[in-house]
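Asks: Enclosed is the structure file my_file.txt (compact mmCIF, C-alpha atoms and all ligand atoms).
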```
# COMPACT_ATOMS: atom_id res chain seq x y z
CA MET A 15 -9.15 -7.34 -18.84
CA ARG A 16 -11.05 -4.69 -16.86
CA VAL A 17 -10.82 -5.07 -13.09
CA LEU A 18 -12.65 -3.46 -10.19
CA GLY A 19 -10.35 -2.94 -7.19
CA ILE A 20 -11.54 -2.70 -3.58
CA GLU A 21 -9.25 -1.52 -0.74
CA THR A 22 -10.57 -1.71 2.84
CA SER A 23 -7.60 -2.87 4.93
CA CYS A 24 -7.57 0.03 7.39
CA ASP A 25 -9.28 3.43 7.51
CA GLU A 26 -9.62 4.25 3.82
CA THR A 27 -12.21 2.90 1.40
CA GLY A 28 -10.52 2.95 -2.02
CA ILE A 29 -12.27 1.88 -5.23
CA ALA A 30 -10.90 1.88 -8.80
CA VAL A 31 -11.25 0.33 -12.23
CA TYR A 32 -8.06 -0.67 -14.08
CA ASP A 33 -8.01 -1.85 -17.68
CA ALA A 34 -5.04 -3.93 -18.88
CA GLN A 35 -5.04 -2.13 -22.25
CA GLN A 36 -6.22 1.37 -21.36
CA GLY A 37 -4.77 1.76 -17.86
CA LEU A 38 -6.58 3.34 -14.94
CA LEU A 39 -10.15 4.32 -15.91
CA ALA A 40 -11.42 5.85 -12.66
CA HIS A 41 -10.80 5.85 -8.93
CA SER A 42 -12.34 7.26 -5.72
CA LEU A 43 -11.34 7.34 -2.09
CA TYR A 44 -13.18 7.91 1.14
CA SER A 45 -10.93 8.61 4.12
CA GLN A 46 -12.28 7.90 7.61
CA THR A 47 -9.71 10.14 9.28
CA ALA A 48 -12.35 12.44 10.78
CA THR A 49 -14.17 9.45 12.34
CA HIS A 50 -11.07 8.22 14.16
CA ALA A 51 -9.37 11.54 14.97
CA ALA A 52 -11.27 12.04 18.21
CA PHE A 53 -9.98 8.66 19.48
CA GLY A 54 -6.32 9.33 18.62
CA GLY A 55 -6.11 6.22 16.46
CA VAL A 56 -8.10 3.85 14.26
CA VAL A 57 -11.06 2.19 16.06
CA PRO A 58 -11.44 -1.14 14.22
CA GLU A 59 -15.19 -1.55 14.72
CA LEU A 60 -15.89 1.97 13.47
CA ALA A 61 -13.62 1.34 10.48
CA SER A 62 -15.57 -1.79 9.48
CA ARG A 63 -18.91 0.01 9.77
CA ASP A 64 -17.72 2.92 7.65
CA HIS A 65 -16.49 0.53 4.93
CA VAL A 66 -19.95 -1.08 4.93
CA ARG A 67 -21.53 2.36 4.52
CA LYS A 68 -19.20 3.71 1.84
CA ALA A 69 -18.03 0.84 -0.37
CA VAL A 70 -21.13 0.31 -2.52
CA PRO A 71 -21.86 4.02 -3.16
CA LEU A 72 -18.17 4.47 -4.10
CA ILE A 73 -18.34 1.55 -6.54
CA GLU A 74 -21.39 3.15 -8.17
CA GLU A 75 -19.52 6.47 -8.34
CA VAL A 76 -16.42 4.91 -9.91
CA LEU A 77 -18.43 2.99 -12.53
CA GLN A 78 -20.21 6.21 -13.42
CA LYS A 79 -16.94 8.17 -13.66
CA ALA A 80 -15.52 5.48 -15.96
CA GLY A 81 -18.73 5.44 -18.04
CA LEU A 82 -19.08 1.70 -17.43
CA ALA A 83 -22.01 -0.59 -16.69
CA ALA A 84 -21.48 -3.37 -14.14
CA GLU A 85 -21.59 -5.96 -16.98
CA GLN A 86 -18.41 -4.46 -18.42
CA ILE A 87 -16.34 -5.45 -15.37
CA GLU A 88 -14.37 -8.64 -16.10
CA GLY A 89 -12.78 -9.30 -12.71
CA VAL A 90 -12.84 -8.13 -9.10
CA ALA A 91 -9.79 -7.65 -6.85
CA TYR A 92 -9.89 -6.87 -3.15
CA THR A 93 -7.34 -6.51 -0.36
CA LYS A 94 -7.04 -9.85 1.41
CA GLY A 95 -4.45 -8.74 3.99
CA PRO A 96 -2.59 -7.63 5.98
CA GLY A 97 -4.86 -5.27 7.92
CA LEU A 98 -7.74 -5.07 10.37
CA VAL A 99 -9.73 -8.30 10.20
CA GLY A 100 -13.20 -6.70 10.24
CA ALA A 101 -12.26 -4.08 7.68
CA LEU A 102 -10.70 -6.71 5.40
CA LEU A 103 -13.79 -8.90 5.69
CA VAL A 104 -16.03 -6.10 4.42
CA GLY A 105 -13.98 -5.75 1.20
CA ALA A 106 -13.54 -9.50 0.78
CA MET A 107 -17.27 -10.27 1.25
CA LEU A 108 -18.20 -7.51 -1.16
CA GLY A 109 -15.60 -8.52 -3.73
CA ARG A 110 -16.55 -12.19 -3.65
CA THR A 111 -20.27 -11.37 -3.74
CA LEU A 112 -19.93 -9.07 -6.75
CA GLY A 113 -17.78 -11.63 -8.53
CA PHE A 114 -20.41 -14.32 -7.90
CA ALA A 115 -23.31 -12.07 -8.92
CA TRP A 116 -21.58 -10.78 -12.07
CA GLY A 117 -20.16 -14.19 -13.00
CA VAL A 118 -16.55 -12.91 -13.11
CA PRO A 119 -13.38 -14.16 -11.38
CA THR A 120 -12.07 -12.60 -8.16
CA VAL A 121 -8.67 -12.41 -6.56
CA GLY A 122 -7.42 -11.37 -3.11
CA VAL A 123 -4.42 -9.02 -3.15
CA HIS A 124 -1.63 -8.38 -0.62
CA HIS A 125 -1.89 -4.75 0.46
CA LEU A 126 1.88 -4.18 0.44
CA GLU A 127 2.25 -5.72 -3.01
CA GLY A 128 -0.29 -3.11 -4.06
CA HIS A 129 1.93 -0.36 -2.63
CA LEU A 130 5.04 -1.85 -4.30
CA LEU A 131 3.38 -1.93 -7.71
CA ALA A 132 1.72 1.51 -7.46
CA PRO A 133 4.44 3.15 -9.64
CA PHE A 134 3.16 1.01 -12.53
CA LEU A 135 0.09 3.26 -12.58
CA GLU A 136 2.35 6.05 -13.88
CA HIS A 137 3.61 6.68 -17.43
CA ASP A 138 7.23 6.55 -16.35
CA ALA A 139 7.01 3.06 -14.81
CA PRO A 140 10.13 1.22 -13.59
CA ALA A 141 11.54 -1.94 -15.18
CA PHE A 142 12.53 -4.97 -13.08
CA PRO A 143 14.56 -5.51 -11.03
CA PHE A 144 14.35 -2.67 -8.52
CA ILE A 145 14.80 -1.93 -4.83
CA ALA A 146 11.65 -0.71 -3.11
CA LEU A 147 11.56 1.39 0.02
CA LEU A 148 8.19 0.64 1.54
CA VAL A 149 7.38 3.21 4.21
CA SER A 150 3.83 3.19 5.55
CA GLY A 151 1.95 3.43 8.83
CA GLY A 152 2.54 -0.24 9.58
CA HIS A 153 5.71 -1.12 7.64
CA THR A 154 9.25 0.02 6.91
CA GLU A 155 10.95 -2.39 4.57
CA LEU A 156 13.62 -2.49 1.92
CA VAL A 157 12.57 -5.05 -0.68
CA LYS A 158 14.40 -6.59 -3.63
CA VAL A 159 11.76 -6.80 -6.35
CA ALA A 160 12.97 -9.22 -9.01
CA GLY A 161 9.65 -9.41 -10.86
CA LEU A 162 5.88 -9.50 -10.30
CA GLY A 163 5.32 -11.38 -7.04
CA ARG A 164 9.07 -11.96 -6.52
CA TYR A 165 9.94 -10.13 -3.33
CA GLN A 166 12.83 -10.51 -0.93
CA ILE A 167 12.88 -8.37 2.21
CA ILE A 168 16.45 -7.19 2.85
CA GLY A 169 15.72 -4.60 5.55
CA ASP A 170 12.96 -4.29 8.14
CA THR A 171 12.12 -2.30 11.23
CA LEU A 172 12.85 -3.87 14.58
CA ASP A 173 10.11 -1.85 16.29
CA ASP A 174 8.01 1.12 15.05
CA ALA A 175 7.34 1.72 11.37
CA ALA A 176 8.39 5.10 9.94
CA GLY A 177 4.76 6.26 9.61
CA GLU A 178 4.00 5.06 13.12
CA ALA A 179 6.96 7.09 14.44
CA PHE A 180 5.65 10.15 12.56
CA ASP A 181 2.17 9.60 14.01
CA LYS A 182 3.36 9.05 17.59
CA THR A 183 5.61 12.10 17.54
CA ALA A 184 2.84 14.16 15.95
CA LYS A 185 0.54 13.12 18.78
CA LEU A 186 3.16 14.21 21.29
CA LEU A 187 3.28 17.60 19.53
CA GLU A 188 -0.54 17.77 19.76
CA LEU A 189 -0.98 17.64 15.99
CA GLY A 190 -3.84 15.13 15.99
CA TYR A 191 -4.06 11.74 14.30
CA PRO A 192 -2.76 10.62 11.86
CA GLY A 193 -0.27 13.43 12.16
CA GLY A 194 2.48 12.52 9.64
CA ALA A 195 1.47 15.11 7.07
CA ALA A 196 0.80 17.79 9.75
CA LEU A 197 4.21 17.17 11.32
CA ALA A 198 5.86 17.49 7.90
CA LYS A 199 4.11 20.82 7.35
CA LEU A 200 5.17 22.14 10.74
CA ALA A 201 8.77 21.01 10.14
CA GLU A 202 9.00 23.54 7.30
CA LYS A 203 8.96 26.30 9.93
CA GLY A 204 11.47 24.57 12.18
CA ASN A 205 15.05 25.60 12.80
CA PRO A 206 17.28 22.68 11.71
CA GLU A 207 20.14 23.83 13.96
CA ARG A 208 18.32 23.84 17.32
CA PHE A 209 17.97 20.12 18.09
CA HIS A 210 19.83 17.12 16.77
CA PHE A 211 18.11 13.73 16.94
CA PRO A 212 20.08 10.46 16.58
CA ARG A 213 20.16 8.51 13.29
CA PRO A 214 19.21 5.04 14.65
CA MET A 215 21.08 1.93 13.48
CA VAL A 216 23.25 3.69 10.90
CA ASN A 217 26.45 2.67 12.64
CA ARG A 218 25.40 -0.97 12.62
CA GLN A 219 25.91 -3.28 9.67
CA GLY A 220 22.89 -4.20 7.64
CA LEU A 221 19.70 -2.64 6.39
CA ASP A 222 17.37 -2.86 9.39
CA PHE A 223 15.67 0.13 11.00
CA SER A 224 14.58 1.11 14.50
CA PHE A 225 12.46 4.18 15.05
CA SER A 226 10.96 3.82 18.52
CA GLY A 227 13.91 5.64 20.15
CA LEU A 228 13.16 8.81 18.18
CA LYS A 229 9.77 9.17 19.81
CA THR A 230 11.40 8.84 23.25
CA PHE A 231 13.99 11.41 22.20
CA ALA A 232 11.15 13.73 21.16
CA LEU A 233 9.40 13.14 24.49
CA ASN A 234 12.54 14.02 26.46
CA THR A 235 13.04 17.15 24.36
CA VAL A 236 9.45 18.21 25.10
CA HIS A 237 10.02 17.67 28.83
CA GLU A 238 13.13 19.80 28.72
CA HIS A 239 12.03 22.62 26.41
CA GLY A 240 8.23 22.72 26.62
CA LEU A 241 5.77 22.99 23.76
CA ASP A 242 5.66 26.59 22.57
CA ALA A 243 4.94 27.06 18.87
CA GLN A 244 8.57 27.50 17.75
CA THR A 245 9.82 24.59 19.89
CA LYS A 246 7.16 22.34 18.36
CA ALA A 247 8.30 23.29 14.88
CA ASP A 248 11.97 22.81 15.81
CA ILE A 249 11.26 19.34 17.24
CA ALA A 250 9.24 18.43 14.15
CA ARG A 251 12.15 19.53 11.96
CA ALA A 252 14.78 17.61 13.96
CA PHE A 253 12.62 14.49 14.03
CA GLN A 254 11.90 14.59 10.30
CA ASP A 255 15.55 15.24 9.44
CA ALA A 256 16.54 12.17 11.49
CA ILE A 257 14.01 9.87 9.81
CA VAL A 258 14.79 11.15 6.32
CA GLU A 259 18.56 10.91 6.71
CA THR A 260 18.31 7.40 8.18
CA LEU A 261 16.14 6.21 5.28
CA VAL A 262 18.49 7.77 2.73
CA ILE A 263 21.58 6.16 4.32
CA LYS A 264 19.93 2.71 4.23
CA CYS A 265 18.76 3.12 0.61
CA ARG A 266 22.28 4.09 -0.44
CA ARG A 267 23.62 1.07 1.40
CA ALA A 268 21.07 -1.18 -0.35
CA PHE A 269 22.42 -0.03 -3.74
CA GLN A 270 25.97 -0.65 -2.66
CA LYS A 271 25.08 -4.15 -1.40
CA THR A 272 23.00 -5.30 -4.35
CA GLY A 273 24.47 -3.37 -7.26
CA TRP A 274 20.89 -2.76 -8.45
CA ARG A 275 20.22 0.61 -10.09
CA ARG A 276 16.54 1.44 -9.60
CA LEU A 277 14.66 2.65 -6.53
CA VAL A 278 10.90 2.74 -6.03
CA ILE A 279 9.31 4.61 -3.12
CA ALA A 280 6.00 3.25 -1.86
CA GLY A 281 3.62 3.77 1.07
CA GLY A 282 2.18 6.78 2.88
CA VAL A 283 5.48 8.25 4.14
CA GLY A 284 6.56 8.35 0.48
CA ALA A 285 4.27 11.39 0.26
CA ASN A 286 6.76 13.29 2.46
CA THR A 287 8.33 16.13 0.46
CA ALA A 288 11.60 16.25 2.42
CA LEU A 289 12.07 12.50 1.90
CA ARG A 290 11.32 12.80 -1.83
CA GLN A 291 13.87 15.62 -2.17
CA ALA A 292 16.58 13.85 -0.21
CA LEU A 293 16.11 10.60 -2.15
CA THR A 294 16.17 12.50 -5.44
CA GLU A 295 19.54 14.02 -4.48
CA MET A 296 20.95 10.70 -3.33
CA SER A 297 19.80 8.97 -6.54
CA GLN A 298 21.50 11.62 -8.66
CA GLN A 299 24.73 11.20 -6.70
CA GLU A 300 24.59 7.40 -6.99
CA GLY A 301 23.49 7.50 -10.64
CA VAL A 302 20.36 5.41 -10.01
CA SER A 303 16.83 5.93 -11.35
CA LEU A 304 14.12 6.88 -8.88
CA TYR A 305 10.37 6.22 -9.21
CA PHE A 306 7.51 7.62 -7.13
CA PRO A 307 3.83 7.01 -7.47
CA ARG A 308 1.85 10.29 -7.55
CA LEU A 309 1.03 11.50 -4.01
CA GLU A 310 -2.50 10.08 -3.86
CA PHE A 311 -1.19 6.63 -4.83
CA CYS A 312 1.50 6.69 -2.11
CA THR A 313 -1.18 6.51 0.58
CA ASP A 314 -3.85 3.78 0.58
CA ASN A 315 -5.97 3.66 -2.58
CA GLY A 316 -8.05 1.32 -4.72
CA ALA A 317 -6.02 1.85 -7.92
CA MET A 318 -3.01 -0.15 -6.67
CA ILE A 319 -5.32 -3.05 -5.74
CA ALA A 320 -7.10 -2.96 -9.12
CA TYR A 321 -3.70 -2.92 -10.92
CA THR A 322 -2.18 -5.75 -8.85
CA GLY A 323 -5.40 -7.81 -9.05
CA CYS A 324 -5.44 -7.37 -12.82
CA GLN A 325 -1.89 -8.79 -13.10
CA ARG A 326 -2.82 -11.74 -10.88
CA LEU A 327 -6.07 -12.46 -12.75
CA LEU A 328 -4.18 -12.30 -16.08
CA GLY A 329 -1.74 -14.81 -14.55
CA GLY A 330 -4.67 -17.18 -14.00
CA GLU A 331 -5.13 -16.74 -10.26
CA ARG A 332 -8.64 -17.24 -8.88
CA GLU A 333 -10.19 -17.25 -5.40
CA GLY A 334 -12.12 -20.31 -4.29
CA LEU A 335 -15.69 -20.09 -3.00
CA SER A 336 -14.76 -19.50 0.64
CA VAL A 337 -14.07 -15.96 1.79
CA GLU A 338 -10.67 -15.75 3.46
CA VAL A 339 -8.66 -12.81 4.78
CA TYR A 340 -5.15 -12.77 6.26
CA PRO A 341 -4.80 -10.01 8.89
CA ARG A 342 -1.13 -11.01 9.27
CA TRP A 343 0.50 -11.98 6.00
CA PRO A 344 4.24 -11.58 5.41
CA LEU A 345 5.07 -10.15 1.99
CA SER A 346 7.65 -12.92 1.53
CA GLU A 347 4.78 -15.45 1.37
CA VAL A 348 3.23 -13.87 -1.72
CA LYS A 349 3.42 -16.17 -4.77
CA PRO A 350 5.09 -15.12 -8.04
CA ILE A 351 2.71 -13.94 -10.74
CA LEU A 352 2.84 -16.20 -13.80
O1 LIG A 401 0.41 3.64 3.29
P1 LIG A 401 -0.50 4.36 4.22
O2 LIG A 401 -1.55 5.26 3.65
O3 LIG A 401 -1.25 3.36 5.16
C1 LIG A 401 -0.69 2.18 5.62
O4 LIG A 401 -0.78 1.17 4.91
O5 LIG A 401 -0.11 2.28 6.72
O6 LIG A 401 0.45 5.18 5.22
C2 LIG A 401 -0.07 6.00 6.23
C3 LIG A 401 1.09 6.63 6.98
C4 LIG A 401 0.63 7.35 8.26
O7 LIG A 401 1.49 6.96 9.31
C5 LIG A 401 0.81 8.82 7.89
O8 LIG A 401 1.07 9.64 9.01
C6 LIG A 401 1.99 8.77 6.96
O9 LIG A 401 1.76 7.62 6.17
N1 LIG A 401 2.08 9.97 6.10
C7 LIG A 401 3.12 10.83 6.14
C8 LIG A 401 2.83 11.86 5.20
N2 LIG A 401 1.63 11.57 4.62
C9 LIG A 401 1.19 10.40 5.18
N3 LIG A 401 4.24 10.83 6.87
C10 LIG A 401 5.11 11.84 6.68
N4 LIG A 401 4.92 12.85 5.81
C11 LIG A 401 3.79 12.90 5.05
N5 LIG A 401 3.62 13.91 4.19
ZN ZN A 402 -1.03 1.09 3.03
```
As structure tokens, how would this structure be written, given the file I've shared?

Replies:
Amino acid sequence: MRVLGIETSCDETGIAVYDAQQGLLAHSLYSQTATHAAFGGVVPELASRDHVRKAVPLIEEVLQKAGLAAEQIEGVAYTKGPGLVGALLVGAMLGRTLGFAWGVPTVGVHHLEGHLLAPFLEHDAPAFPFIALLVSGGHTELVKVAGLGRYQIIGDTLDDAAGEAFDKTAKLLELGYPGGAALAKLAEKGNPERFHFPRPMVNRQGLDFSFSGLKTFALNTVHEHGLDAQTKADIARAFQDAIVETLVIKCRRAFQKTGWRRLVIAGGVGANTALRQALTEMSQQEGVSLYFPRLEFCTDNGAMIAYTGCQRLLGGEREGLSVEVYPRWPLSEVKPIL
């Protein structure tokens, strides 16, 4: 089965074609970052309008890259939630319309399931079961993945997501929005000895996270030491070290609790080099296998939606005639794939 995937849940229009036999055939991404940067965050109405503008030209581009005519598409998958309602509606309307016009089935996909399954786009794909660390702009979760569509959340954030904490601290350091990657780059120049940020929740039992305190800690440090170039870099370094070490401690604890031996990293913060290095070291020490999607499939993309949609369509799932989106949709409510 050959499936067109459409991702429009937030500020990236991602389009891809995935073939069950041949794998990923083509993908393209348009990031709206420049549109929203001036506002210091995503403006939902502008996001929807940009998806309207970009989605169809990107589909044409992806079909051309794959050397396919529209008639050769056998199914359409789109992100059904969670996300911004207007942005989701653009992808859902387009997906359902194309499915109707082309006479092929459609399926709505959970955005976070897409992130969880992104490592299956790689040659060295994990086997089930595995633990997934899902770290994105909106989510920080440890998930037991027993099989396709079989997810149990064993750790969650009580407040800010890891990516959100990166973005808020980056804003404080005047690095623009979304500043996660810029903060990571600046941290490379930082002195790790100058400031020490707390490792939230590590002394408490369990696998939950809390990151909002780190941003306050960063704010207090700025008030005390100012914002000269070296201080900025030192704060970035201390902040990143705190997030990375906290995530590593909780992943290690998840292995010890479950006895499972595989770890998958998913979501935008999974693109962070320091996190990747620290998790690689921890996995070697614990003797567990570690899987990352390539960098461009850590952040939002159409390929993960095309892949996940393909599995669901092969399992017989179909959307009805009505167009529905779920802006809030817990991952635990996703149904197993047959
Ligand atoms: O998964 P994603 O693309 O979108 C959501 O579904 O949220 O994640 C975006 C998040 C943003 O908060 C961004 O700042 C963060 O991932 N991010 C990073 C890096 N690259 C992206 N955070 C830290 N280091 C990076 N290199
Ligand atoms: Zn995402």

Asks: What's around His41 (chain A) at 8 Å? Count only C-alpha atoms, leave out sequence neighbours fewer than 5 positions away in its own chain, and write the answer as a PyMOL selection string.

Replies: chain A and resi 28-31+76+316-317

Asks: Neighbours of ligand ZN 402 (chain A) at 6 Å or closer, counting only C-alpha atoms and all ligand atoms: which residues, as a list of chain:residue names?

Replies: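 Checking only C-alpha atoms and all ligand atoms against ligand ZN 402 (chain A) at 6 Å gives A:Ser150, A:Gly281, A:Thr313, A:Asp314.
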
Asks: Set the cut-off to 6 Å, count all atoms listed in the file, and list whatever residues fall near ligand LIG 401 (chain A) as a list in words.

Replies: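 Protein and nucleic-acid residues within 6 Å of ligand LIG 401 (chain A): Ser150, Gly151, Gly152, Gly177, Glu178, Phe180, Asp181, Pro192, Gly193, Gly194, Ala195, Ala198, Gly281, Gly282, Val283, Ala285, Asn286, Thr313 and Asp314 of chain A.
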
Asks: Give me, as a PyMOL selection string, all polymer residues having an atom no more than 8 Å from Tyr321 (chain A), counting all atoms listed in the file and skipping those fewer than 5 positions away in the same chain.

Replies: chain A and resi 17+19+32+38+128+131-132+135

Asks: Could you tell me how far CA of Leu43 (chain A) lies from CA of Gly109 (chain A), in Å and to one decimal?

Replies: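 Rounded to one decimal, the two atoms are 16.5 Å apart.
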
Asks: Pick out the residues sitting within 8 Å of Gly204 (chain A), and hand them over as a short mmCIF file (atom, residue, chain, number, x, y, z; two decimals) with C-alpha atoms, keeping the file's coordinate frame; count all atoms listed in the file, and ignore anything fewer than 6 positions along from it in its own chain.

Replies:
```
data_model
loop_
_atom_site.label_atom_id
_atom_site.label_comp_id
_atom_site.auth_asym_id
_atom_site.auth_seq_id
_atom_site.Cartn_x
_atom_site.Cartn_y
_atom_site.Cartn_z
CA GLN A 244 8.57 27.50 17.75
CA THR A 245 9.82 24.59 19.89
CA LYS A 246 7.16 22.34 18.36
CA ALA A 247 8.30 23.29 14.88
CA ASP A 248 11.97 22.81 15.81
CA ILE A 249 11.26 19.34 17.24
CA ALA A 250 9.24 18.43 14.15
CA ARG A 251 12.15 19.53 11.96
CA ALA A 252 14.78 17.61 13.96
#
```

Asks: Restricting the calculation to all atoms listed in the file: of A:Gly169, A:Gly161, A:Gly117, A:Gly95, which residue gets closest to Gln219 (chain A)?

Replies: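 Of the candidates, the smallest distance to Gln219 (chain A) is held by A:Gly169.
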
Asks: Give me, please, the distance in Å between CA of Gln46 (chain A) and CA of Gly190 (chain A), quoted to one decimal.

Replies: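 These atoms are spaced 13.9 Å apart.
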
Asks: Quick one, how far is CA of Leu102 (chain A) from CA of Ser23 (chain A)?

Replies: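 Going from CA of Leu102 (chain A) over to CA of Ser23 (chain A) covers 5.0 Å.
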
Asks: Looking at all atoms listed in the file, which of A:Glu155, A:Glu295, A:Glu331, A:Glu238 is the one that sits closest to Ala280 (chain A)?

Replies: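 Smallest distance to Ala280 (chain A) is found for A:Glu155.
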
Asks: Check the smallest atom-to-atom distance from each of A:Ile73, A:Ile20, A:Val57, A:Ala106 to Ser336 (chain A) using only C-alpha atoms, then report the winner.

Replies: A:Ala106

Asks: I want to know what sits within 10 Å of Val337 (chain A), based on only C-alpha atoms, with residues of the same chain fewer than 4 positions away left out; could you give that as a PyMOL selection string?

Replies: chain A and resi 94+103+106-111+122+333

Asks: Measuring between only C-alpha atoms, which one of A:Arg208, A:Pro350, A:Gly227, A:Met296 shows the shortest distance to His239 (chain A)?

Replies: A:Arg208

Asks: So, with only C-alpha atoms as the atoms that count, which of A:Leu72, A:Ala146, A:Leu304, A:Leu293 lies closest to Tyr44 (chain A)?

Replies: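 Using only C-alpha atoms, the shortest distance to Tyr44 (chain A) belongs to A:Leu72.
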
Asks: To test the calculation: enclose all listed atoms of region 268-286 of chain A in a box whose edges run along x, y and z, add 3 Å on each side, then state centre and edge lengths in Å to one decimal, as JSON.

Replies:
```
{"center_x": 14.1, "center_y": 4.0, "center_z": -3.0, "size_x": 29.8, "size_y": 24.6, "size_z": 20.2}
```

Asks: Phe144 (chain A): which residues within 12 Å, counting all atoms listed in the file, same-chain residues fewer than 5 positions away excluded, as a tab-separated table (two decimals) with C-alpha atoms, in the coordinates of the input?

Replies:
```
chain	number	residue	atom	x	y	z
A	130	LEU	CA	5.04	-1.85	-4.30
A	131	LEU	CA	3.38	-1.93	-7.71
A	133	PRO	CA	4.44	3.15	-9.64
A	139	ALA	CA	7.01	3.06	-14.81
A	156	LEU	CA	13.62	-2.49	1.92
A	157	VAL	CA	12.57	-5.05	-0.68
A	158	LYS	CA	14.40	-6.59	-3.63
A	159	VAL	CA	11.76	-6.80	-6.35
A	160	ALA	CA	12.97	-9.22	-9.01
A	161	GLY	CA	9.65	-9.41	-10.86
A	162	LEU	CA	5.88	-9.50	-10.30
A	164	ARG	CA	9.07	-11.96	-6.52
A	165	TYR	CA	9.94	-10.13	-3.33
A	166	GLN	CA	12.83	-10.51	-0.93
A	265	CYS	CA	18.76	3.12	0.61
A	268	ALA	CA	21.07	-1.18	-0.35
A	269	PHE	CA	22.42	-0.03	-3.74
A	272	THR	CA	23.00	-5.30	-4.35
A	273	GLY	CA	24.47	-3.37	-7.26
A	274	TRP	CA	20.89	-2.76	-8.45
A	275	ARG	CA	20.22	0.61	-10.09
A	276	ARG	CA	16.54	1.44	-9.60
A	277	LEU	CA	14.66	2.65	-6.53
A	278	VAL	CA	10.90	2.74	-6.03
A	279	ILE	CA	9.31	4.61	-3.12
A	302	VAL	CA	20.36	5.41	-10.01
A	303	SER	CA	16.83	5.93	-11.35
A	304	LEU	CA	14.12	6.88	-8.88
A	305	TYR	CA	10.37	6.22	-9.21
```
